[in-house]
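Let me begin by presenting the structure, written as structure tokens, before commenting on it.
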Amino acid sequence: MNKVFSNADEAIHDITDGMTLLLGGFGLCGLPENCITALVKKGIKELTCISNNAGVDDFGIGLMLRQRQVKKMISSYVGENAEFERQLLSGELEVELIPQGTLATRCLAAGYGMPAIFTPAGVGTEVAIGKEIRNFNGKDYLMEMAFDADFAIVKAWKGDSMGNLVYRSTARNFNPVMAMAGKITIAEVEELVEPGELDPDQIHTPGIYVHRIFRGANYEKRIEQRTVRPR
């Protein structure tokens, strides 16, 4: 089956209202910008979005929040988005805040076919309310379920037509673990090459995890808070 699509609009064509999406990126680094733009244009609603962050007001998932497309946000870091804060405090948006390591490991569990993980993170806090706790060797651990996402949407630097992906620098954040975790994984890449052109030792995500791939365009690659050394 051909994995290569022409653009984001084609790649996301069957994402519909009410679905659960994993979206790669950390802050504004490594965001699947083209797919987010296509989702905004398509106007689908009632989405559950699982991402490390909620973007900012005019970029990333923040664009979807502004259009009221997101019903529930499952995230670790949301401190840079005023619209997110407004919707949370007004009760318009369901929010599940979880420890960052737990977020990553629940993605890994989904990718590995494991139904759940046990972690000490969150024990004794509000995170643990309503969840099972087990004791191993005298220490309590919280049971967290693997994510069950309809789609994973990730962004890589290079990919080939078989779906093998290479991430660049800090864009290798949540993208690799999320690429493993979706029922269908969509990857947008800056460069799309033929099989054999990527060094096998440099491939971060094997093509077996990727169902659709396309070459993106016009990446902004914004910097959340630019900090430079004094002259």
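For the structure tokens, the naming scheme is as follows: chains receive sequential letters (A, B, ...) according to their order of presentation, residues are indexed from 1 within each chain, and ligands are indexed from 1 in presentation order.
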Find the residues near region 91-95 of chain A: any atom within 7 Å, counting only C-alpha atoms, skip ones fewer than 4 places away on the same chain, and give them as a list in words.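 Non-adjacent residues within range: Lys71, Lys72, Met73, Ile74 and Gln87 of chain A.
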Can you pull out every residue from region 91-191 of chain A that DSSP, working from the backbone, puts in strand (DSSP E or B), and format the result as a short mmCIF file (atom, residue, chain, number, x, y, z; two decimals) with C-alpha atoms, in the first residue's frame?
```
data_model
loop_
_atom_site.label_atom_id
_atom_site.label_comp_id
_atom_site.auth_asym_id
_atom_site.auth_seq_id
_atom_site.Cartn_x
_atom_site.Cartn_y
_atom_site.Cartn_z
CA GLU A 94 -11.77 19.42 29.87
CA VAL A 95 -8.17 19.16 31.00
CA GLU A 96 -6.09 16.26 32.28
CA LEU A 97 -2.66 17.34 33.48
CA ALA A 116 -0.86 -0.18 31.42
CA ILE A 117 2.20 0.96 33.34
CA PHE A 118 3.00 1.39 37.03
CA THR A 119 4.74 4.58 38.10
CA ILE A 133 -2.38 1.79 43.45
CA ARG A 134 -0.22 -1.28 44.00
CA ASN A 135 2.69 -1.84 46.31
CA PHE A 136 5.88 -3.36 44.94
CA LYS A 139 6.73 1.24 47.52
CA ASP A 140 3.40 2.43 46.11
CA TYR A 141 2.93 2.72 42.37
CA LEU A 142 0.08 4.25 40.40
CA MET A 143 -1.44 2.33 37.51
CA GLU A 144 -1.78 4.44 34.36
CA MET A 145 -3.42 3.15 31.19
CA ALA A 149 -5.52 7.19 20.15
CA ASP A 150 -7.14 7.05 16.74
CA PHE A 151 -4.27 8.94 15.09
CA ALA A 152 -0.73 9.99 15.94
CA ILE A 153 0.50 13.05 14.05
CA VAL A 154 4.25 13.69 14.10
CA LYS A 155 6.88 15.81 12.41
CA ALA A 156 10.35 14.66 11.34
CA TRP A 157 13.28 16.18 9.52
CA LYS A 158 13.72 13.47 6.89
CA GLY A 159 11.68 10.46 5.86
CA ASP A 160 11.56 7.99 3.02
CA LEU A 165 11.92 8.79 9.95
CA VAL A 166 14.89 10.82 11.15
CA GLY A 182 -1.37 5.72 17.22
CA LYS A 183 -3.65 3.27 15.47
CA ILE A 184 -2.76 5.29 12.35
CA THR A 185 0.40 7.41 12.31
CA ILE A 186 0.78 10.39 9.98
CA ALA A 187 4.24 11.88 9.52
CA GLU A 188 5.09 15.17 7.88
CA VAL A 189 8.73 15.69 6.93
CA GLU A 190 10.90 18.49 5.63
CA GLU A 191 12.66 16.20 3.17
#
```
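The environment of Arg172 (chain A) within 10 Å, counting only C-alpha atoms and disregarding residues fewer than 4 places along the same chain, consists of Gly24, Gly25, Phe26, Cys29, Gly30, Lys155, Ala156, Trp157, Val166, Tyr167, Arg168, Pro176, Val177 and His204 of chain A.
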Saved selection, atoms kept: N, CA and C atoms, as a short mmCIF file (atom, residue, chain, number, x, y, z; two decimals), in the first residue's frame:
```
data_model
loop_
_atom_site.label_atom_id
_atom_site.label_comp_id
_atom_site.auth_asym_id
_atom_site.auth_seq_id
_atom_site.Cartn_x
_atom_site.Cartn_y
_atom_site.Cartn_z
N GLY A 24 2.73 15.35 18.22
CA GLY A 24 4.11 15.47 18.65
C GLY A 24 4.54 16.91 18.86
N GLY A 25 5.73 17.05 19.44
CA GLY A 25 6.29 18.37 19.68
C GLY A 25 6.52 18.62 21.16
N PHE A 26 7.37 19.60 21.42
CA PHE A 26 7.70 20.00 22.80
C PHE A 26 7.80 21.51 22.81
N CYS A 29 8.68 23.30 19.48
CA CYS A 29 9.71 22.60 18.73
C CYS A 29 9.20 21.26 18.21
N GLY A 30 9.34 21.03 16.91
CA GLY A 30 8.94 19.75 16.34
C GLY A 30 7.45 19.57 16.18
N LYS A 155 6.08 15.06 13.37
CA LYS A 155 6.88 15.81 12.41
C LYS A 155 8.33 15.37 12.52
N ALA A 156 8.95 15.07 11.38
CA ALA A 156 10.35 14.66 11.34
C ALA A 156 11.12 15.53 10.36
N TRP A 157 12.42 15.44 10.43
CA TRP A 157 13.28 16.18 9.52
C TRP A 157 13.30 15.51 8.14
N VAL A 166 13.74 10.29 10.44
CA VAL A 166 14.89 10.82 11.15
C VAL A 166 14.49 12.18 11.72
N TYR A 167 14.68 12.37 13.02
CA TYR A 167 14.37 13.66 13.66
C TYR A 167 15.67 14.42 13.86
N ARG A 168 15.56 15.73 13.90
CA ARG A 168 16.76 16.57 14.03
C ARG A 168 16.78 17.27 15.37
N PRO A 176 9.05 10.61 18.46
CA PRO A 176 9.31 9.18 18.29
C PRO A 176 8.36 8.28 19.08
N VAL A 177 8.06 8.64 20.35
CA VAL A 177 7.20 7.77 21.15
C VAL A 177 5.75 7.85 20.68
N HIS A 204 15.35 6.88 13.40
CA HIS A 204 14.81 6.89 14.76
C HIS A 204 13.47 6.18 14.87
#
```
Among the residues A:Ser75, A:Asn218, A:Ser169, A:Asn81, the one that comes closest to Asn34 (chain A) [using only C-alpha atoms]: A:Asn218
Report as a PyMOL selection string all protein, DNA and RNA residues lying within 8 Å of Val40 (chain A), evaluated on only C-alpha atoms, omitting residues in the same chain fewer than 2 positions from it. chain A and resi 36-38+42-44+63-64+67+69
Would you export the selected residues with N, CA, C and O atoms as a PDB file, in the first residue's frame, please?
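Contents of again12.pdb, as written:
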```
ATOM      1  N   ILE A  36      -1.624  20.505  11.615  1.00  0.00           N
ATOM      2  CA  ILE A  36      -2.454  21.341  12.474  1.00  0.00           C
ATOM      3  C   ILE A  36      -3.207  22.370  11.638  1.00  0.00           C
ATOM      4  O   ILE A  36      -4.408  22.598  11.841  1.00  0.00           O
ATOM      5  N   THR A  37      -2.532  22.977  10.679  1.00  0.00           N
ATOM      6  CA  THR A  37      -3.194  23.936   9.780  1.00  0.00           C
ATOM      7  C   THR A  37      -4.340  23.263   9.026  1.00  0.00           C
ATOM      8  O   THR A  37      -5.429  23.837   8.876  1.00  0.00           O
ATOM      9  N   ALA A  38      -4.113  22.036   8.556  1.00  0.00           N
ATOM     10  CA  ALA A  38      -5.152  21.309   7.823  1.00  0.00           C
ATOM     11  C   ALA A  38      -6.330  20.966   8.722  1.00  0.00           C
ATOM     12  O   ALA A  38      -7.488  21.022   8.296  1.00  0.00           O
ATOM     13  N   LYS A  42     -10.121  22.169   8.190  1.00  0.00           N
ATOM     14  CA  LYS A  42     -11.202  21.192   8.067  1.00  0.00           C
ATOM     15  C   LYS A  42     -12.328  21.467   9.057  1.00  0.00           C
ATOM     16  O   LYS A  42     -13.490  21.131   8.795  1.00  0.00           O
ATOM     17  N   GLY A  43     -11.995  22.063  10.193  1.00  0.00           N
ATOM     18  CA  GLY A  43     -13.021  22.497  11.131  1.00  0.00           C
ATOM     19  C   GLY A  43     -13.662  21.408  11.965  1.00  0.00           C
ATOM     20  O   GLY A  43     -14.761  21.607  12.496  1.00  0.00           O
ATOM     21  N   ILE A  44     -13.007  20.269  12.106  1.00  0.00           N
ATOM     22  CA  ILE A  44     -13.596  19.196  12.918  1.00  0.00           C
ATOM     23  C   ILE A  44     -13.609  19.596  14.385  1.00  0.00           C
ATOM     24  O   ILE A  44     -12.796  20.398  14.835  1.00  0.00           O
ATOM     25  N   LEU A  63      -4.113  27.233  17.815  1.00  0.00           N
ATOM     26  CA  LEU A  63      -5.007  27.570  16.700  1.00  0.00           C
ATOM     27  C   LEU A  63      -6.289  26.755  16.760  1.00  0.00           C
ATOM     28  O   LEU A  63      -7.372  27.256  16.447  1.00  0.00           O
ATOM     29  N   MET A  64      -6.174  25.488  17.161  1.00  0.00           N
ATOM     30  CA  MET A  64      -7.350  24.628  17.279  1.00  0.00           C
ATOM     31  C   MET A  64      -8.201  25.019  18.481  1.00  0.00           C
ATOM     32  O   MET A  64      -9.431  24.977  18.429  1.00  0.00           O
ATOM     33  N   GLN A  67     -10.369  27.960  17.665  1.00  0.00           N
ATOM     34  CA  GLN A  67     -11.515  27.607  16.837  1.00  0.00           C
ATOM     35  C   GLN A  67     -12.519  26.716  17.578  1.00  0.00           C
ATOM     36  O   GLN A  67     -13.468  26.223  16.976  1.00  0.00           O
ATOM     37  N   GLN A  69     -12.142  23.670  18.638  1.00  0.00           N
ATOM     38  CA  GLN A  69     -12.137  22.324  18.067  1.00  0.00           C
ATOM     39  C   GLN A  69     -11.783  21.250  19.086  1.00  0.00           C
ATOM     40  O   GLN A  69     -11.999  20.073  18.830  1.00  0.00           O
TER      41      GLN A  69
END
```
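Residues in contact range of Ile223 (chain A), defined as at most 10 Å between only C-alpha atoms, with sequence neighbours fewer than 3 positions away removed, read Gly27, Leu28, Cys29, Glu220, Arg226 and Thr227 of chain A.
For the atom pair formed by CA of Gly60 (chain A) and CA of Gly207 (chain A), the distance is 25.3 Å, given to one decimal.
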